[in-house]
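K.L.:
File follows, entry36.pdb with PDB, C-alpha atoms and all ligand atoms:
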```
ATOM      1  CA  MET S   1      -5.160  32.449   0.614
ATOM      2  CA  VAL S   2      -4.475  28.765   0.705
ATOM      3  CA  LYS S   3      -7.024  26.053   1.419
ATOM      4  CA  VAL S   4      -5.583  23.735   4.061
ATOM      5  CA  LEU S   5      -6.836  20.160   4.367
ATOM      6  CA  PHE S   6      -5.982  17.997   7.386
ATOM      7  CA  PHE S   7      -6.529  14.397   6.331
ATOM      8  CA  GLY S   8      -7.474  11.473   8.569
ATOM      9  CA  ARG S   9      -6.681  11.674  12.285
ATOM     10  CA  LEU S  10      -5.119  15.123  11.814
ATOM     11  CA  GLY S  11      -8.763  16.226  11.618
ATOM     12  CA  ASP S  12      -9.018  15.411  15.351
ATOM     13  CA  PHE S  13      -6.448  18.137  16.060
ATOM     14  CA  SER S  14      -7.519  20.820  13.604
ATOM     15  CA  GLU S  15     -11.099  21.734  14.443
ATOM     16  CA  ASN S  16     -11.913  25.435  14.020
ATOM     17  CA  ILE S  17      -8.495  26.191  12.655
ATOM     18  CA  GLU S  18      -8.404  28.942  10.085
ATOM     19  CA  LEU S  19      -5.410  30.246   8.286
ATOM     20  CA  LYS S  20      -5.371  33.551   6.463
ATOM     21  CA  VAL S  21      -2.127  34.219   4.672
ATOM     22  CA  ASN S  22      -0.984  35.981   1.542
ATOM     23  CA  CYS S  23       1.189  33.320  -0.058
ATOM     24  CA  THR S  24       3.196  35.714  -2.209
ATOM     25  CA  GLU S  25       3.986  37.982   0.739
ATOM     26  CA  ILE S  26       5.346  35.205   2.941
ATOM     27  CA  GLU S  27       6.824  33.077   0.110
ATOM     28  CA  ALA S  28       4.691  30.198   1.352
ATOM     29  CA  THR S  29       5.877  26.599   1.505
ATOM     30  CA  PRO S  30       4.404  23.622   3.392
ATOM     31  CA  LYS S  31       7.152  24.144   5.996
ATOM     32  CA  LYS S  32       6.206  27.824   6.530
ATOM     33  CA  ILE S  33       2.497  27.062   6.709
ATOM     34  CA  ARG S  34       3.227  24.312   9.227
ATOM     35  CA  SER S  35       5.155  26.655  11.511
ATOM     36  CA  LEU S  36       2.404  29.307  11.269
ATOM     37  CA  LEU S  37      -0.193  26.700  12.213
ATOM     38  CA  SER S  38       1.972  25.378  15.053
ATOM     39  CA  GLU S  39       2.408  28.812  16.677
ATOM     40  CA  ASP S  40      -1.189  28.883  17.910
ATOM     41  CA  ASN S  41      -1.943  25.161  18.079
ATOM     42  CA  VAL S  42       0.614  23.191  20.054
ATOM     43  CA  ASN S  43      -1.069  19.781  19.695
ATOM     44  CA  LEU S  44      -1.559  20.154  15.964
ATOM     45  CA  GLY S  45       2.033  21.355  15.664
ATOM     46  CA  LYS S  46       3.255  18.181  17.333
ATOM     47  CA  GLN S  47       1.247  16.035  14.932
ATOM     48  CA  LEU S  48       2.509  17.930  11.882
ATOM     49  CA  ALA S  49       6.117  17.665  13.058
ATOM     50  CA  ALA S  50       6.008  13.846  13.281
ATOM     51  CA  ALA S  51       8.305  11.881  10.989
ATOM     52  CA  GLN S  52       6.706  10.776   7.718
ATOM     53  CA  VAL S  53       3.899  13.350   7.597
ATOM     54  CA  LEU S  54       3.235  13.837   3.884
ATOM     55  CA  VAL S  55       2.220  17.071   2.165
ATOM     56  CA  ALA S  56       0.356  17.431  -1.112
ATOM     57  CA  VAL S  57      -0.241  20.630  -3.080
ATOM     58  CA  ASN S  58      -3.148  20.455  -5.514
ATOM     59  CA  LYS S  59      -3.217  16.647  -5.126
ATOM     60  CA  VAL S  60       0.475  16.187  -5.909
ATOM     61  CA  ILE S  61       2.765  14.885  -3.148
ATOM     62  CA  VAL S  62       5.577  17.430  -2.804
ATOM     63  CA  GLY S  63       8.523  18.289  -0.574
ATOM     64  CA  TRP S  64       8.355  20.655   2.412
ATOM     65  CA  ASP S  65      10.023  23.482   0.453
ATOM     66  CA  TYR S  66       7.652  23.400  -2.497
ATOM     67  CA  PRO S  67       6.344  26.907  -3.352
ATOM     68  CA  ILE S  68       2.652  27.472  -2.598
ATOM     69  CA  ASN S  69       0.586  30.089  -4.432
ATOM     70  CA  ASP S  70      -2.661  31.792  -3.465
ATOM     71  CA  GLY S  71      -5.576  29.563  -4.430
ATOM     72  CA  ASP S  72      -3.621  26.333  -3.986
ATOM     73  CA  GLU S  73      -4.902  23.468  -1.858
ATOM     74  CA  LEU S  74      -2.413  22.174   0.707
ATOM     75  CA  ALA S  75      -3.084  18.792   2.334
ATOM     76  CA  PHE S  76      -1.300  17.357   5.363
ATOM     77  CA  LEU S  77      -1.423  13.559   5.677
ATOM     78  CA  PRO S  78      -0.474  11.649   8.838
ATOM     79  CA  PRO S  79       1.847   8.639   8.487
ATOM     80  CA  VAL S  80       0.261   5.208   7.893
ATOM     81  CA  THR S  81       2.584   2.213   8.075
ATOM     82  CA  GLY S  82       0.908  -0.728   9.813
ATOM     83  CA  GLY S  83      -0.486  -3.739   8.022
TER      84      GLY S  83
ATOM     85  CA  MET Z   1      -1.844 -24.033 -20.364
ATOM     86  CA  PRO Z   2      -5.428 -24.088 -21.736
ATOM     87  CA  LEU Z   3      -8.348 -23.986 -19.297
ATOM     88  CA  ASN Z   4      -9.848 -27.316 -18.227
ATOM     89  CA  ASP Z   5     -13.492 -28.139 -17.450
ATOM     90  CA  ASP Z   6     -13.121 -27.309 -13.771
ATOM     91  CA  ASP Z   7     -11.553 -23.944 -14.679
ATOM     92  CA  PHE Z   8     -14.492 -23.079 -16.961
ATOM     93  CA  MET Z   9     -16.872 -23.615 -14.062
ATOM     94  CA  ARG Z  10     -14.714 -22.090 -11.312
ATOM     95  CA  TYR Z  11     -13.759 -18.952 -13.234
ATOM     96  CA  SER Z  12     -17.054 -18.538 -15.114
ATOM     97  CA  ARG Z  13     -17.612 -15.065 -13.631
ATOM     98  CA  HIS Z  14     -14.299 -13.928 -15.107
ATOM     99  CA  LEU Z  15     -14.986 -15.687 -18.397
ATOM    100  CA  LEU Z  16     -18.292 -13.846 -18.745
ATOM    101  CA  MET Z  17     -16.403 -10.533 -18.818
ATOM    102  CA  ASP Z  18     -15.184  -9.327 -22.200
ATOM    103  CA  ASP Z  19     -12.125  -7.643 -20.703
ATOM    104  CA  ILE Z  20     -10.998 -10.775 -18.840
ATOM    105  CA  GLY Z  21     -12.298 -13.824 -20.714
ATOM    106  CA  GLU Z  22     -10.246 -16.918 -21.458
ATOM    107  CA  SER Z  23      -7.062 -15.074 -22.363
ATOM    108  CA  GLY Z  24      -7.209 -12.974 -19.177
ATOM    109  CA  GLN Z  25      -7.854 -16.021 -17.032
ATOM    110  CA  GLU Z  26      -4.894 -17.782 -18.621
ATOM    111  CA  LYS Z  27      -2.725 -14.790 -17.751
ATOM    112  CA  LEU Z  28      -3.807 -15.050 -14.106
ATOM    113  CA  ILE Z  29      -3.184 -18.808 -14.031
ATOM    114  CA  ASN Z  30       0.302 -18.314 -15.464
ATOM    115  CA  SER Z  31       1.250 -15.569 -12.968
ATOM    116  CA  ARG Z  32       3.568 -15.777  -9.978
ATOM    117  CA  ILE Z  33       3.061 -13.398  -7.050
ATOM    118  CA  LEU Z  34       4.999 -12.861  -3.828
ATOM    119  CA  ILE Z  35       2.885 -11.651  -0.905
ATOM    120  CA  VAL Z  36       5.019 -10.304   1.939
ATOM    121  CA  GLY Z  37       3.085 -10.185   5.223
ATOM    122  CA  LEU Z  38       0.085 -12.353   6.074
ATOM    123  CA  GLY Z  39      -1.587  -9.977   8.517
ATOM    124  CA  GLY Z  40      -4.636  -7.777   8.090
ATOM    125  CA  LEU Z  41      -3.765  -6.904   4.478
ATOM    126  CA  GLY Z  42      -2.208 -10.214   3.420
ATOM    127  CA  CYS Z  43      -5.325 -12.182   4.437
ATOM    128  CA  PRO Z  44      -7.761 -10.515   1.998
ATOM    129  CA  VAL Z  45      -5.070 -10.121  -0.669
ATOM    130  CA  SER Z  46      -4.155 -13.823  -0.682
ATOM    131  CA  THR Z  47      -7.794 -14.944  -0.443
ATOM    132  CA  TYR Z  48      -8.918 -12.918  -3.468
ATOM    133  CA  LEU Z  49      -5.875 -13.839  -5.539
ATOM    134  CA  ALA Z  50      -6.212 -17.562  -4.762
ATOM    135  CA  GLY Z  51      -9.913 -17.321  -5.599
ATOM    136  CA  ALA Z  52      -9.085 -15.529  -8.844
ATOM    137  CA  GLY Z  53      -6.834 -18.403  -9.854
ATOM    138  CA  VAL Z  54      -3.418 -16.745  -9.770
ATOM    139  CA  GLY Z  55      -1.303 -19.825 -10.482
ATOM    140  CA  PHE Z  56       1.489 -19.374  -7.960
ATOM    141  CA  LEU Z  57       1.518 -17.560  -4.632
ATOM    142  CA  ALA Z  58       4.567 -17.270  -2.397
ATOM    143  CA  LEU Z  59       3.617 -16.309   1.178
ATOM    144  CA  CYS Z  60       6.187 -14.851   3.523
ATOM    145  CA  ASP Z  61       5.680 -13.968   7.206
ATOM    146  CA  PRO Z  62       7.738 -14.890  10.306
ATOM    147  CA  ASP Z  63       4.824 -14.524  12.750
ATOM    148  CA  ARG Z  64       2.567 -17.052  14.430
ATOM    149  CA  VAL Z  65      -1.166 -16.501  14.862
ATOM    150  CA  ASP Z  66      -1.977 -14.670  18.089
ATOM    151  CA  LYS Z  67      -5.403 -14.178  19.653
ATOM    152  CA  THR Z  68      -5.087 -10.415  19.148
ATOM    153  CA  ASN Z  69      -4.871 -11.000  15.361
ATOM    154  CA  LEU Z  70      -8.311 -12.596  15.074
ATOM    155  CA  GLN Z  71     -10.216  -9.270  15.211
ATOM    156  CA  ARG Z  72      -9.007  -8.475  11.678
ATOM    157  CA  GLN Z  73      -6.943 -11.271  10.089
ATOM    158  CA  VAL Z  74      -9.808 -13.108   8.452
ATOM    159  CA  LEU Z  75      -7.965 -16.250   7.289
ATOM    160  CA  PHE Z  76      -7.297 -17.457  10.834
ATOM    161  CA  ARG Z  77      -9.405 -19.189  13.488
ATOM    162  CA  SER Z  78      -9.131 -19.406  17.261
ATOM    163  CA  GLU Z  79      -7.574 -22.882  17.101
ATOM    164  CA  ASP Z  80      -4.761 -21.544  14.873
ATOM    165  CA  CYS Z  81      -3.180 -19.579  17.739
ATOM    166  CA  GLY Z  82       0.484 -20.511  18.060
ATOM    167  CA  GLU Z  83       0.769 -21.833  14.464
ATOM    168  CA  PHE Z  84       2.722 -20.090  11.714
ATOM    169  CA  LYS Z  85       0.477 -17.702   9.801
ATOM    170  CA  VAL Z  86       1.813 -18.868   6.449
ATOM    171  CA  SER Z  87       1.010 -22.548   7.103
ATOM    172  CA  CYS Z  88      -2.542 -21.785   8.294
ATOM    173  CA  ALA Z  89      -2.988 -19.486   5.299
ATOM    174  CA  LYS Z  90      -1.774 -22.194   2.916
ATOM    175  CA  ASP Z  91      -4.305 -24.713   4.325
ATOM    176  CA  ARG Z  92      -7.193 -22.261   3.947
ATOM    177  CA  LEU Z  93      -6.176 -21.089   0.475
ATOM    178  CA  LYS Z  94      -5.678 -24.656  -0.779
ATOM    179  CA  ALA Z  95      -9.156 -25.513   0.572
ATOM    180  CA  LEU Z  96     -10.489 -22.552  -1.417
ATOM    181  CA  ASN Z  97      -8.635 -23.360  -4.645
ATOM    182  CA  ASP Z  98      -6.460 -26.470  -4.795
ATOM    183  CA  SER Z  99      -5.135 -25.635  -8.269
ATOM    184  CA  VAL Z 100      -3.106 -22.702  -6.911
ATOM    185  CA  ASN Z 101       0.500 -23.590  -6.145
ATOM    186  CA  ILE Z 102       1.546 -22.126  -2.797
ATOM    187  CA  GLU Z 103       5.063 -21.806  -1.425
ATOM    188  CA  ILE Z 104       5.417 -20.708   2.199
ATOM    189  CA  TYR Z 105       8.280 -18.989   4.013
ATOM    190  CA  PRO Z 106       7.824 -18.730   7.808
ATOM    191  CA  ARG Z 107      10.535 -16.078   8.095
ATOM    192  CA  ALA Z 108      11.226 -12.434   7.313
ATOM    193  CA  VAL Z 109      11.755 -11.671   3.648
ATOM    194  CA  ASP Z 110      15.360 -12.263   2.534
ATOM    195  CA  THR Z 111      17.467 -12.355  -0.630
ATOM    196  CA  GLU Z 112      16.787 -16.016  -1.295
ATOM    197  CA  ILE Z 113      13.026 -15.471  -1.281
ATOM    198  CA  LEU Z 114      13.311 -12.293  -3.363
ATOM    199  CA  ASN Z 115      15.540 -13.845  -5.991
ATOM    200  CA  TYR Z 116      12.933 -16.266  -7.362
ATOM    201  CA  HIS Z 117      11.010 -15.019 -10.383
ATOM    202  CA  TYR Z 118       7.792 -13.120  -9.663
ATOM    203  CA  ASP Z 119       5.477 -11.189 -11.974
ATOM    204  CA  LEU Z 120       4.387  -9.000  -9.088
ATOM    205  CA  ILE Z 121       5.336  -8.330  -5.463
ATOM    206  CA  ILE Z 122       2.709  -7.229  -2.948
ATOM    207  CA  ASP Z 123       3.715  -5.364   0.190
ATOM    208  CA  CYS Z 124       1.407  -6.307   3.079
ATOM    209  CA  THR Z 125       4.076  -5.736   5.722
ATOM    210  CA  ASP Z 126       3.735  -3.684   8.899
ATOM    211  CA  ASN Z 127       7.003  -1.770   8.817
ATOM    212  CA  LEU Z 128       8.818   0.779   6.717
ATOM    213  CA  PRO Z 129      12.246  -0.908   6.394
ATOM    214  CA  ALA Z 130      10.640  -3.984   4.770
ATOM    215  CA  ARG Z 131       8.695  -1.746   2.358
ATOM    216  CA  HIS Z 132      11.944  -0.137   1.242
ATOM    217  CA  VAL Z 133      13.630  -3.518   0.704
ATOM    218  CA  LEU Z 134      10.731  -4.613  -1.513
ATOM    219  CA  ASN Z 135      10.686  -1.290  -3.394
ATOM    220  CA  LYS Z 136      14.398  -1.549  -4.165
ATOM    221  CA  GLN Z 137      14.070  -5.126  -5.387
ATOM    222  CA  CYS Z 138      11.102  -4.248  -7.616
ATOM    223  CA  SER Z 139      12.636  -1.025  -8.941
ATOM    224  CA  GLU Z 140      15.958  -2.665  -9.824
ATOM    225  CA  ASN Z 141      14.382  -5.734 -11.427
ATOM    226  CA  LYS Z 142      11.393  -4.008 -13.096
ATOM    227  CA  ILE Z 143       8.834  -5.997 -11.100
ATOM    228  CA  PRO Z 144       5.398  -4.364 -10.624
ATOM    229  CA  PHE Z 145       4.901  -3.473  -6.951
ATOM    230  CA  VAL Z 146       1.755  -2.823  -4.913
ATOM    231  CA  SER Z 147       2.274  -1.343  -1.467
ATOM    232  CA  ALA Z 148      -0.346  -0.726   1.205
ATOM    233  CA  ALA Z 149      -0.554   0.153   4.879
ATOM    234  CA  ALA Z 150      -3.181   0.848   7.509
ATOM    235  CA  VAL Z 151      -3.423   2.117  11.062
ATOM    236  CA  GLY Z 152      -6.377   3.248  13.158
ATOM    237  CA  TRP Z 153      -9.165   4.195  10.731
ATOM    238  CA  GLU Z 154      -6.793   4.994   7.891
ATOM    239  CA  GLY Z 155      -5.396   3.188   4.895
ATOM    240  CA  GLN Z 156      -2.848   3.946   2.215
ATOM    241  CA  LEU Z 157      -2.402   2.354  -1.194
ATOM    242  CA  ILE Z 158       0.144   2.944  -3.955
ATOM    243  CA  GLY Z 159       1.063   0.942  -7.058
ATOM    244  CA  PHE Z 160       4.208   1.067  -9.195
ATOM    245  CA  ASP Z 161       4.254  -0.421 -12.678
ATOM    246  CA  PHE Z 162       8.036  -0.840 -12.854
ATOM    247  CA  ASN Z 163       7.601  -2.880 -16.049
ATOM    248  CA  ASN Z 164       6.830   0.345 -17.867
ATOM    249  CA  TYR Z 165       8.100   3.171 -15.639
ATOM    250  CA  SER Z 166      11.303   3.479 -13.643
ATOM    251  CA  SER Z 167      10.240   6.388 -11.433
ATOM    252  CA  PRO Z 168       8.890   7.660  -9.152
ATOM    253  CA  CYS Z 169       9.399   4.797  -6.712
ATOM    254  CA  PHE Z 170       8.233   4.279  -3.119
ATOM    255  CA  ASN Z 171      11.421   5.911  -1.837
ATOM    256  CA  CYS Z 172      10.681   9.079  -3.857
ATOM    257  CA  VAL Z 173       7.383   9.409  -1.989
ATOM    258  CA  ILE Z 174       8.363   8.188   1.483
ATOM    259  CA  ASN Z 175      12.049   8.665   2.090
ATOM    260  CA  GLY Z 176      13.833   5.618   3.502
ATOM    261  CA  GLN Z 177      16.236   7.805   5.482
ATOM    262  CA  LEU Z 178      13.438   8.956   7.773
ATOM    263  CA  GLN Z 179      12.597   7.097  10.937
ATOM    264  CA  ASP Z 180       9.678   4.667  11.217
ATOM    265  CA  PRO Z 181       6.618   6.388  12.705
ATOM    266  CA  VAL Z 182       5.918   5.416  16.281
ATOM    267  CA  MET Z 183       2.329   4.409  15.527
ATOM    268  CA  ASN Z 184       1.568   0.928  14.192
ATOM    269  CA  CYS Z 185      -1.294  -1.572  14.472
ATOM    270  CA  SER Z 186       0.200  -3.233  17.564
ATOM    271  CA  ASN Z 187       0.526  -0.097  19.654
ATOM    272  CA  SER Z 188      -2.180   2.142  18.169
ATOM    273  CA  GLY Z 189      -4.887  -0.259  17.058
ATOM    274  CA  VAL Z 190      -6.647  -0.634  13.733
ATOM    275  CA  VAL Z 191     -10.228  -1.176  12.559
ATOM    276  CA  GLY Z 192     -10.524  -4.609  10.900
ATOM    277  CA  PRO Z 193     -12.603  -3.728   7.830
ATOM    278  CA  VAL Z 194     -10.277  -0.811   6.978
ATOM    279  CA  LEU Z 195      -7.665  -3.513   6.274
ATOM    280  CA  GLY Z 196     -10.306  -5.359   4.252
ATOM    281  CA  VAL Z 197     -11.008  -2.256   2.144
ATOM    282  CA  ILE Z 198      -7.345  -1.572   1.456
ATOM    283  CA  GLY Z 199      -6.364  -5.249   1.008
ATOM    284  CA  SER Z 200      -9.221  -5.753  -1.459
ATOM    285  CA  LEU Z 201      -7.988  -2.764  -3.455
ATOM    286  CA  GLN Z 202      -4.460  -4.186  -3.401
ATOM    287  CA  ALA Z 203      -5.783  -7.433  -4.881
ATOM    288  CA  THR Z 204      -7.746  -5.433  -7.475
ATOM    289  CA  ILE Z 205      -4.630  -3.505  -8.500
ATOM    290  CA  ALA Z 206      -2.702  -6.795  -8.695
ATOM    291  CA  ILE Z 207      -5.285  -8.252 -11.080
ATOM    292  CA  ARG Z 208      -5.302  -5.025 -13.122
ATOM    293  CA  MET Z 209      -1.519  -5.116 -13.397
ATOM    294  CA  LEU Z 210      -1.480  -8.769 -14.488
ATOM    295  CA  LEU Z 211      -4.137  -8.056 -17.123
ATOM    296  CA  GLY Z 212      -2.510  -4.830 -18.327
ATOM    297  CA  TYR Z 213      -5.168  -2.438 -16.998
ATOM    298  CA  PHE Z 214      -3.093  -0.423 -14.541
ATOM    299  CA  GLN Z 215      -2.283   3.125 -15.639
ATOM    300  CA  GLN Z 216      -1.681   4.901 -12.322
ATOM    301  CA  HIS Z 217       2.022   4.424 -11.656
ATOM    302  CA  GLY Z 218       2.915   6.223  -8.419
ATOM    303  CA  GLU Z 219      -0.613   7.381  -7.627
ATOM    304  CA  MET Z 220      -1.381   7.268  -3.905
ATOM    305  CA  GLN Z 221      -4.821   6.728  -2.434
ATOM    306  CA  ARG Z 222      -5.663   7.505   1.160
ATOM    307  CA  TYR Z 223      -8.803   6.322   2.950
ATOM    308  CA  ASP Z 224     -10.162   7.734   6.198
ATOM    309  CA  GLY Z 225     -12.737   5.213   7.423
ATOM    310  CA  LYS Z 226     -13.805   7.382  10.369
ATOM    311  CA  ARG Z 227     -14.969  10.214   8.143
ATOM    312  CA  GLY Z 228     -15.645   8.172   5.002
ATOM    313  CA  GLN Z 229     -13.214  10.218   2.922
ATOM    314  CA  TRP Z 230     -10.826   9.385   0.106
ATOM    315  CA  LEU Z 231      -7.928  11.387  -1.254
ATOM    316  CA  THR Z 232      -6.095  10.559  -4.475
ATOM    317  CA  MET Z 233      -2.729  12.147  -5.190
ATOM    318  CA  THR Z 234      -0.008  11.755  -7.747
ATOM    319  CA  SER Z 235       3.654  11.596  -6.792
ATOM    320  CA  MET Z 236       6.763  12.995  -8.393
ATOM    321  CA  ARG Z 237      10.214  11.636  -9.033
ATOM    322  CA  ASP Z 238      12.793  12.714  -6.461
ATOM    323  CA  LYS Z 239      15.861  13.595  -8.522
ATOM    324  CA  ALA Z 240      18.079  12.658  -5.573
ATOM    325  CA  CYS Z 241      16.331   9.313  -4.911
ATOM    326  CA  MET Z 242      18.896   6.688  -3.880
ATOM    327  CA  VAL Z 243      16.817   3.901  -5.424
ATOM    328  CA  CYS Z 244      15.480   4.975  -8.812
ATOM    329  CA  SER Z 245      17.442   8.062  -9.884
ATOM    330  CA  HIS Z 246      20.193   5.987 -11.555
ATOM    331  CA  GLU Z 247      17.595   4.026 -13.537
ATOM    332  CA  LEU Z 248      16.942   6.883 -15.965
TER     333      LEU Z 248
HETATM  334 ZN    ZN S 301      12.754   6.776  -6.311
END
```
As a first step, turn the structure in this file into structure tokens.
P.N.:
Amino acid sequence: MVKVLFFGRLGDFSENIELKVNCTEIEATPKKIRSLLSEDNVNLGKQLAAAQVLVAVNKVIVGWDYPINDGDELAFLPPVTGG
Amino acid sequence: MPLNDDDFMRYSRHLLMDDIGESGQEKLINSRILIVGLGGLGCPVSTYLAGAGVGFLALCDPDRVDKTNLQRQVLFRSEDCGEFKVSCAKDRLKALNDSVNIEIYPRAVDTEILNYHYDLIIDCTDNLPARHVLNKQCSENKIPFVSAAAVGWEGQLIGFDFNNYSSPCFNCVINGQLQDPVMNCSNSGVVGPVLGVIGSLQATIAIRMLLGYFQQHGEMQRYDGKRGQWLTMTSMRDKACMVCSHEL
């Protein structure tokens, strides 16, 4: 199991979303988790596919192919670039 | 330069603090900072740094004040509409603290502006290409760099102490090859005080860096003002980074 956190406005698209996966079985990465989430939630999928979405595993910003283990926390962060 | 009588009065709330004191205040007075962008972030950043007595501020922004800026860009007034942001900002900041030297550039940041000496560069811009230009300049010249951004209810803050660390850099975290997100303050909106929160933190990090109290190279903070949540994350060096990988 992986704890998935949708930060900021991604929270508007991720209500009642639950993800039950065995990370070892599926060789989980942020990219794989994203496509699993997108299968059932088209709007969320669109948000997660936007350029510059960041992913963090256990509070470390990582790449989309970073290996995720059971018990890890995966956070998706929407892009923020204005000022 | 030793502090004068006016300085002792003006900066008394710094001088009362053991970890700032006279020597810290002198460091601030002898510092030179470039602030790129005088919008929602640049307004609080420049105000706090001028108030704190940072001796030299260079302000760079090509834009003129527009009525739609006034909801969040706290240095400007209704009668400023149509004037260059940097000249209005200079007037206000000089009225706040006349001892601060202020240079203004009413244009986009360029090599000439970047090539002067700065102890710190602060990214208050509204676009990704400019952030990458500043990151490259700071990484290559070992200039501490504080970058921030905001949109909607959300803010982002990240500091790089390139004096002491060469990587990661901004490009390791947010790759410059990727396209600029479609959402920005002009087309998606932004809540004024979110910029105040993030800009105030940028100014705080700037002061910490100048005084030698910044230990979080490459740490990113995210703020969600709608839900009142913070997230702090560290970042890692990208071995293939086009900007900082050759620095090692
Ligand atoms: Zn880098």
K.L.:
Which residues of chain Z come within 7 Å of ligand ZN 301 (chain S), and what is each one's closest atom pair and distance in Å (one decimal), counting all atoms listed in the file, sorted by chain and residue number, as JSON lines?
P.N.:
```
{"residue": "Z:Ser167", "atom": "CA", "partner": "S:ZN301", "partner_atom": "ZN", "distance": 5.7}
{"residue": "Z:Pro168", "atom": "CA", "partner": "S:ZN301", "partner_atom": "ZN", "distance": 4.9}
{"residue": "Z:Cys169", "atom": "CA", "partner": "S:ZN301", "partner_atom": "ZN", "distance": 3.9}
{"residue": "Z:Phe170", "atom": "CA", "partner": "S:ZN301", "partner_atom": "ZN", "distance": 6.1}
{"residue": "Z:Asn171", "atom": "CA", "partner": "S:ZN301", "partner_atom": "ZN", "distance": 4.7}
{"residue": "Z:Cys172", "atom": "CA", "partner": "S:ZN301", "partner_atom": "ZN", "distance": 4.0}
{"residue": "Z:Arg237", "atom": "CA", "partner": "S:ZN301", "partner_atom": "ZN", "distance": 6.1}
{"residue": "Z:Asp238", "atom": "CA", "partner": "S:ZN301", "partner_atom": "ZN", "distance": 5.9}
{"residue": "Z:Cys241", "atom": "CA", "partner": "S:ZN301", "partner_atom": "ZN", "distance": 4.6}
{"residue": "Z:Met242", "atom": "CA", "partner": "S:ZN301", "partner_atom": "ZN", "distance": 6.6}
{"residue": "Z:Val243", "atom": "CA", "partner": "S:ZN301", "partner_atom": "ZN", "distance": 5.1}
{"residue": "Z:Cys244", "atom": "CA", "partner": "S:ZN301", "partner_atom": "ZN", "distance": 4.1}
{"residue": "Z:Ser245", "atom": "CA", "partner": "S:ZN301", "partner_atom": "ZN", "distance": 6.0}
```
K.L.:
Check which residues satisfy the PyMOL selection byres ((chain Z) within 8 of (chain S and not hetatm)) in the file shown, then give them as an MDAnalysis selection string.
P.N.:
chainID Z and resid 37 39:41 124:128 148:151 153:156 173:174 178:181 183:185 195 223:224 226:227 232:236
K.L.:
Suppose a student applies the PyMOL selection byres (((chain S and resi 2) around 10) and not hetatm) to this structure; what residues should they get, written as a list in words?
P.N.:
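Taken over the shown coordinates, the PyMOL selection byres (((chain S and resi 2) around 10) and not hetatm) returns Met1, Lys3, Val4, Leu5, Leu19, Lys20, Val21, Asn22, Cys23, Ala28, Ile33, Val57, Ile68, Asn69, Asp70, Gly71, Asp72, Glu73 and Leu74 of chain S.
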K.L.:
Could you write out the selected residues, including C-alpha atoms, as a CSV table (one decimal), in the coordinates of the input?
P.N.:
```
chain,number,residue,atom,x,y,z
S,1,MET,CA,-5.2,32.4,0.6
S,3,LYS,CA,-7.0,26.1,1.4
S,4,VAL,CA,-5.6,23.7,4.1
S,5,LEU,CA,-6.8,20.2,4.4
S,19,LEU,CA,-5.4,30.2,8.3
S,20,LYS,CA,-5.4,33.6,6.5
S,21,VAL,CA,-2.1,34.2,4.7
S,22,ASN,CA,-1.0,36.0,1.5
S,23,CYS,CA,1.2,33.3,-0.1
S,28,ALA,CA,4.7,30.2,1.4
S,33,ILE,CA,2.5,27.1,6.7
S,57,VAL,CA,-0.2,20.6,-3.1
S,68,ILE,CA,2.7,27.5,-2.6
S,69,ASN,CA,0.6,30.1,-4.4
S,70,ASP,CA,-2.7,31.8,-3.5
S,71,GLY,CA,-5.6,29.6,-4.4
S,72,ASP,CA,-3.6,26.3,-4.0
S,73,GLU,CA,-4.9,23.5,-1.9
S,74,LEU,CA,-2.4,22.2,0.7
```
K.L.:
Give as a list of chain:residue names the residues that the PyMOL selection byres (((chain Z and resi 75-80) around 7) and not hetatm) matches when applied to the coordinates above.
P.N.:
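With the shown file as input, the PyMOL selection byres (((chain Z and resi 75-80) around 7) and not hetatm) matches Z:Cys43, Z:Val65, Z:Lys67, Z:Leu70, Z:Gln73, Z:Val74, Z:Cys81, Z:Gly82, Z:Glu83, Z:Cys88, Z:Ala89, Z:Arg92.
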K.L.:
Which residues, written as a PyMOL selection string, have at least one atom at most 12 Å from Z:Leu49, with all atoms listed in the file counted and residues fewer than 6 positions away on the same chain left out?
P.N.:
chain Z and resi 25+28-29+31-35+42-43+55-59+93-94+96-97+100-102+120+122+199-208+210
K.L.:
Excluding S:Ser14 and its own-chain neighbours fewer than 3 positions away, which residues fall within 9 Å of it when counting only C-alpha atoms? Please give them as a PDB file with C-alpha atoms, keeping the file's coordinate frame.
P.N.:
```pdb
ATOM      1  CA  PHE S   6      -5.982  17.997   7.386  1.00  0.00           C
ATOM      2  CA  LEU S  10      -5.119  15.123  11.814  1.00  0.00           C
ATOM      3  CA  GLY S  11      -8.763  16.226  11.618  1.00  0.00           C
ATOM      4  CA  ILE S  17      -8.495  26.191  12.655  1.00  0.00           C
ATOM      5  CA  GLU S  18      -8.404  28.942  10.085  1.00  0.00           C
ATOM      6  CA  ASN S  41      -1.943  25.161  18.079  1.00  0.00           C
ATOM      7  CA  ASN S  43      -1.069  19.781  19.695  1.00  0.00           C
ATOM      8  CA  LEU S  44      -1.559  20.154  15.964  1.00  0.00           C
TER       9      LEU S  44
END
```
